[in-house]
Amino acid sequence: MTNKELADLIFPNITKTPSDYELEYPARNLPENAKVTRFAPSPTGFMHIGNMMSAVINYCLAKSSGGVFFLRNEDTDQARFVEGATEFIHHILNYYKISPDEYEFNGETVGNYGPYIQSERKEIYHAFVKYLIEIGRAYPCFLTPSEIDEIREYQTKSKKRIGIYGKYAKYRDMTPEDAAQKIKNGEKFVIRFKSNGNFNQKFIFEDLTQGKIEFPENDLDVPIMKSSDLLPTYHFAHLVDDHLMRTTHVVRGGEWISSIPLHYELFKAFGYKMPKYIHTSLILKKDEENGTIRKISKRKDPEALMFYYEEKGYPILAVIDAVLTIANSNFEEWRTNNPDKPFYEFPFSPKKMSPSGALFDLDKLDNISKNYISKMSASTLYNEYLTWAKNYDEHIAKLLENHKEDTIKFLNIEREIKKPRKDYENYSSIFPKSWYMYDEEWDKDLNYKFGKINNKEEIIKIMEEYLTTCYDDKDTQDEWFNKIKVLCDKLGYASDMKKYKENPDNYKGSIADFTTVIRVVLTTYDMTPNLYDIMQILGKERMVKRLNIFKEQYK
RNA sequence: GGCUCGUUGGUGAAAUGGUUAACACAUUGCCCUCUCAAGGCAACAUUCAUGGGUUCAAAUCCCAUACGAGUCACCA
């Protein structure tokens, strides 16, 4: 019996060969330096910040070179499939506007290099596996899980290298006849790659981020097709898919770098050129409990998952910028010089990526985000805020819709100036700093944060005098402020800060203490944006109402 | 244990053998000021994990040690 006959026995219905597929998926017709990249997540978990980095870099590389960015669903692990994970991936790519050029979703396929879902490519993989069996570079292996455990135990105990290789690869030299017999007997088997590498032989691999790395050759007979569902393992799917889909640059997490010797040999077995690799560093995190640095964890770190940023309401560009800042620290400089350019025009340099892991810094994200939000127009901010609220807080959404004009006016305070306020790092942080602008919110227990002047009688005296004799909706800011000064002096407060600082004992307080009283009665807070603007929005009538509420509520 | 990579301040980091180790975030202080935010001005690594070596000169090159990370599945 020949290997060919064994291959036919295992794959009786597979008639196509790798060369057939070679013709079916010809080289892409693209400009010379155009990069073909892919985002290839597996739906075994929800998209996290590390995936996001990979997606953004892939997108960047493809778009800036006039290439193609496609999405491939790596669903070969059915056991760990997570409901909703695929949908979430599409949602995130759309949400962040890093949509793939080619993909397959909800029955719709876009692109000529599909299927883009691995479970639908079974036939293709089988053709490649079959070919490998025919040429004697793959074989059925009948080792049971418990036998493999035993081997590993033995290897561990005797300090040998772990894995199925050399004499441990019990079935690599079995005759096709014997293998065929076992198969006919219904014995379970996986297909293993028949390595002919030598562990003592080294080769140099060049990674675009990590540089040149010397590896020992692979000599492990790794499974390339599983027995349970006849789907390929990651390594084999990577070879077949990235070759056939004509991927030029593979961006993937650093955890894959140790598989390079295997991938190197796999590509060599078919005579295919390897794509270029960019192994990204891991995103790490300092563990709050014991201070150690560890891989960011979906379970422990809410910010690991992409839900987090959406729920908090970070602007999408802020998140992308934060991710790129980690990826290439010179991104920041580029961004300050090119504030309005789309992020994908950034000349991403794999070389400049740190080979070691980086801690994702939420403070940095907040800073980037504050800058973005501060540069939006008030109405843009309002729209973004409302969109966020509609998804995450209906109560706020109602208020925003009912008070659109006032909300925009409030958001516009100290905004249209050279250096606008940076109050908000995300949309969810707006409401806690603006709820007092909505009368409906004033029916709860109020916590007035008065400072130096907190005597109820004195406060009422100041407010009544202020509202009856001083405040006028029609005043300009300067007029208002001049009148405040006059009232200040009249009631025993220092209108001039310098004079107050010289002799604080001569006064009940300063103009700062005086305006704080007004501010707190109107907003309950001692820290707010410009008081004059807030009063302009409220109008005198509502100010009087708030004084009355104060009279009832303050102890 | 094998293989691979890494170690510059609280964080991200620059520097590719040559004056006082960029920059950004965070933190702290001062100024400005009706509060806050913003802005302005400062401070913050006598030192680049440790120990040796090469060199006129090292964070940068070499060696060793320590520590950290990734990986070693019919998971990706």
# chains A, B, ... in the order shown; residues from 1 in each chain; ligands from 1
>>> select_by_dssp(residues="region 295-482 of chain A", states="strand (DSSP E or B)", output="mmCIF file with N, CA and C atoms, in the first residue's frame")
data_model
loop_
_atom_site.group_PDB
_atom_site.id
_atom_site.type_symbol
_atom_site.label_atom_id
_atom_site.label_comp_id
_atom_site.auth_asym_id
_atom_site.auth_seq_id
_atom_site.Cartn_x
_atom_site.Cartn_y
_atom_site.Cartn_z
ATOM 1 N N LYS A 295 0.028 39.369 32.721
ATOM 2 C CA LYS A 295 -0.760 39.561 31.515
ATOM 3 C C LYS A 295 -2.117 40.127 31.930
ATOM 4 N N LEU A 305 -11.517 44.045 28.575
ATOM 5 C CA LEU A 305 -12.517 43.775 27.550
ATOM 6 C C LEU A 305 -13.006 45.057 26.898
ATOM 7 N N ALA A 358 3.805 46.058 27.664
ATOM 8 C CA ALA A 358 3.523 47.380 28.192
ATOM 9 C C ALA A 358 2.307 47.338 29.097
ATOM 10 N N LEU A 359 2.322 48.202 30.079
ATOM 11 C CA LEU A 359 1.161 48.321 30.948
ATOM 12 C C LEU A 359 0.191 49.299 30.313
#
>>> interface_residues(of="chain A", to="chain B", cutoff="6 Å", atoms="only C-alpha atoms (C1' of nucleotides)", output="PyMOL selection string")
chain A and resi 161+226-227+255+258+356+364+421+512+515+526-528
>>> residues_around(residues="Leu446 (chain A)", least_positions_apart="5", cutoff="9 Å", atoms="only C-alpha atoms (C1' of nucleotides)", output="PDB file with C-alpha atoms, in the first residue's frame")
ATOM      1  CA  THR A 524     -24.756  72.252  45.472  1.00  0.00           C
ATOM      2  CA  PHE A 550     -32.212  75.447  49.864  1.00  0.00           C
ATOM      3  CA  GLN A 553     -33.476  71.374  52.727  1.00  0.00           C
ATOM      4  CA  TYR A 554     -30.452  72.876  54.412  1.00  0.00           C
TER       5      TYR A 554
END
>>> select_by_dssp(residues="region 65-151 of chain A", states="helix (DSSP H, G or I)", output="MDAnalysis selection string")
chainID A and resid 85:95 118:120 122:134 145:151
>>> decode(residues="region 197-230 of chain A", atoms="N, CA and C atoms", output="PDB file, in the first residue's frame")
ATOM      1  N   GLY A 197      12.952  18.111  10.962  1.00  0.00           N
ATOM      2  CA  GLY A 197      13.904  19.087  11.489  1.00  0.00           C
ATOM      3  C   GLY A 197      14.830  18.460  12.509  1.00  0.00           C
ATOM      4  N   ASN A 198      15.897  19.170  12.794  1.00  0.00           N
ATOM      5  CA  ASN A 198      16.879  18.711  13.760  1.00  0.00           C
ATOM      6  C   ASN A 198      16.991  19.761  14.865  1.00  0.00           C
ATOM      7  N   PHE A 199      16.682  19.333  16.063  1.00  0.00           N
ATOM      8  CA  PHE A 199      16.661  20.286  17.180  1.00  0.00           C
ATOM      9  C   PHE A 199      18.018  20.940  17.423  1.00  0.00           C
ATOM     10  N   ASN A 200      19.053  20.262  17.043  1.00  0.00           N
ATOM     11  CA  ASN A 200      20.388  20.826  17.267  1.00  0.00           C
ATOM     12  C   ASN A 200      20.838  21.764  16.154  1.00  0.00           C
ATOM     13  N   GLN A 201      20.008  21.856  15.161  1.00  0.00           N
ATOM     14  CA  GLN A 201      20.301  22.755  14.040  1.00  0.00           C
ATOM     15  C   GLN A 201      19.559  24.073  14.265  1.00  0.00           C
ATOM     16  N   LYS A 202      20.236  25.176  14.049  1.00  0.00           N
ATOM     17  CA  LYS A 202      19.572  26.471  14.281  1.00  0.00           C
ATOM     18  C   LYS A 202      19.244  27.150  12.961  1.00  0.00           C
ATOM     19  N   PHE A 203      18.291  28.024  13.022  1.00  0.00           N
ATOM     20  CA  PHE A 203      18.011  28.872  11.863  1.00  0.00           C
ATOM     21  C   PHE A 203      17.665  30.269  12.367  1.00  0.00           C
ATOM     22  N   ILE A 204      17.856  31.225  11.478  1.00  0.00           N
ATOM     23  CA  ILE A 204      17.591  32.608  11.861  1.00  0.00           C
ATOM     24  C   ILE A 204      16.252  33.027  11.283  1.00  0.00           C
ATOM     25  N   PHE A 205      15.442  33.585  12.149  1.00  0.00           N
ATOM     26  CA  PHE A 205      14.141  34.086  11.721  1.00  0.00           C
ATOM     27  C   PHE A 205      14.124  35.579  11.971  1.00  0.00           C
ATOM     28  N   GLU A 206      13.565  36.312  11.015  1.00  0.00           N
ATOM     29  CA  GLU A 206      13.516  37.750  11.245  1.00  0.00           C
ATOM     30  C   GLU A 206      12.087  38.217  11.452  1.00  0.00           C
ATOM     31  N   ASP A 207      11.850  38.687  12.644  1.00  0.00           N
ATOM     32  CA  ASP A 207      10.553  39.245  12.995  1.00  0.00           C
ATOM     33  C   ASP A 207      10.649  40.754  12.847  1.00  0.00           C
ATOM     34  N   LEU A 208       9.585  41.367  12.319  1.00  0.00           N
ATOM     35  CA  LEU A 208       9.644  42.805  12.087  1.00  0.00           C
ATOM     36  C   LEU A 208       9.728  43.633  13.367  1.00  0.00           C
ATOM     37  N   THR A 209       9.226  43.117  14.457  1.00  0.00           N
ATOM     38  CA  THR A 209       9.371  43.865  15.715  1.00  0.00           C
ATOM     39  C   THR A 209      10.541  43.384  16.535  1.00  0.00           C
ATOM     40  N   GLN A 210      10.664  42.101  16.668  1.00  0.00           N
ATOM     41  CA  GLN A 210      11.662  41.563  17.583  1.00  0.00           C
ATOM     42  C   GLN A 210      13.051  41.494  16.947  1.00  0.00           C
ATOM     43  N   GLY A 211      13.120  41.629  15.656  1.00  0.00           N
ATOM     44  CA  GLY A 211      14.422  41.543  15.011  1.00  0.00           C
ATOM     45  C   GLY A 211      14.788  40.099  14.732  1.00  0.00           C
ATOM     46  N   LYS A 212      16.103  39.865  14.561  1.00  0.00           N
ATOM     47  CA  LYS A 212      16.541  38.511  14.235  1.00  0.00           C
ATOM     48  C   LYS A 212      16.556  37.639  15.483  1.00  0.00           C
ATOM     49  N   ILE A 213      15.988  36.479  15.347  1.00  0.00           N
ATOM     50  CA  ILE A 213      15.961  35.540  16.472  1.00  0.00           C
ATOM     51  C   ILE A 213      16.467  34.196  15.986  1.00  0.00           C
ATOM     52  N   GLU A 214      17.314  33.599  16.793  1.00  0.00           N
ATOM     53  CA  GLU A 214      17.829  32.292  16.426  1.00  0.00           C
ATOM     54  C   GLU A 214      17.008  31.213  17.128  1.00  0.00           C
ATOM     55  N   PHE A 215      16.463  30.312  16.341  1.00  0.00           N
ATOM     56  CA  PHE A 215      15.675  29.219  16.911  1.00  0.00           C
ATOM     57  C   PHE A 215      16.296  27.884  16.560  1.00  0.00           C
ATOM     58  N   PRO A 216      16.098  26.892  17.418  1.00  0.00           N
ATOM     59  CA  PRO A 216      16.416  25.530  16.996  1.00  0.00           C
ATOM     60  C   PRO A 216      15.316  25.086  16.026  1.00  0.00           C
ATOM     61  N   GLU A 217      15.667  24.233  15.099  1.00  0.00           N
ATOM     62  CA  GLU A 217      14.646  23.745  14.168  1.00  0.00           C
ATOM     63  C   GLU A 217      13.584  22.959  14.916  1.00  0.00           C
ATOM     64  N   ASN A 218      12.400  22.960  14.352  1.00  0.00           N
ATOM     65  CA  ASN A 218      11.325  22.173  14.942  1.00  0.00           C
ATOM     66  C   ASN A 218      11.558  20.696  14.647  1.00  0.00           C
ATOM     67  N   ASP A 219      11.351  19.877  15.661  1.00  0.00           N
ATOM     68  CA  ASP A 219      11.399  18.440  15.379  1.00  0.00           C
ATOM     69  C   ASP A 219      10.190  17.733  16.000  1.00  0.00           C
ATOM     70  N   LEU A 220       9.197  18.537  16.350  1.00  0.00           N
ATOM     71  CA  LEU A 220       7.990  17.974  16.956  1.00  0.00           C
ATOM     72  C   LEU A 220       6.983  17.568  15.879  1.00  0.00           C
ATOM     73  N   ASP A 221       6.400  16.403  16.071  1.00  0.00           N
ATOM     74  CA  ASP A 221       5.326  15.983  15.171  1.00  0.00           C
ATOM     75  C   ASP A 221       4.011  16.511  15.733  1.00  0.00           C
ATOM     76  N   VAL A 222       3.698  17.703  15.328  1.00  0.00           N
ATOM     77  CA  VAL A 222       2.548  18.396  15.903  1.00  0.00           C
ATOM     78  C   VAL A 222       1.265  17.994  15.181  1.00  0.00           C
ATOM     79  N   PRO A 223       0.163  17.872  15.913  1.00  0.00           N
ATOM     80  CA  PRO A 223      -1.110  17.567  15.245  1.00  0.00           C
ATOM     81  C   PRO A 223      -1.505  18.712  14.318  1.00  0.00           C
ATOM     82  N   ILE A 224      -1.900  18.372  13.131  1.00  0.00           N
ATOM     83  CA  ILE A 224      -2.385  19.408  12.216  1.00  0.00           C
ATOM     84  C   ILE A 224      -3.869  19.242  11.935  1.00  0.00           C
ATOM     85  N   MET A 225      -4.393  18.067  12.263  1.00  0.00           N
ATOM     86  CA  MET A 225      -5.844  17.884  12.130  1.00  0.00           C
ATOM     87  C   MET A 225      -6.350  17.079  13.312  1.00  0.00           C
ATOM     88  N   LYS A 226      -7.420  17.572  13.892  1.00  0.00           N
ATOM     89  CA  LYS A 226      -7.965  16.940  15.095  1.00  0.00           C
ATOM     90  C   LYS A 226      -8.873  15.768  14.740  1.00  0.00           C
ATOM     91  N   SER A 227      -8.929  14.823  15.642  1.00  0.00           N
ATOM     92  CA  SER A 227      -9.770  13.658  15.380  1.00  0.00           C
ATOM     93  C   SER A 227     -11.231  13.954  15.664  1.00  0.00           C
ATOM     94  N   SER A 228     -11.452  14.809  16.637  1.00  0.00           N
ATOM     95  CA  SER A 228     -12.825  15.037  17.084  1.00  0.00           C
ATOM     96  C   SER A 228     -13.718  15.585  15.980  1.00  0.00           C
ATOM     97  N   ASP A 229     -13.258  16.601  15.273  1.00  0.00           N
ATOM     98  CA  ASP A 229     -14.132  17.231  14.285  1.00  0.00           C
ATOM     99  C   ASP A 229     -13.457  17.381  12.916  1.00  0.00           C
ATOM    100  N   LEU A 230     -12.276  16.789  12.785  1.00  0.00           N
ATOM    101  CA  LEU A 230     -11.539  16.827  11.521  1.00  0.00           C
ATOM    102  C   LEU A 230     -11.187  18.248  11.079  1.00  0.00           C
TER     103      LEU A 230
END
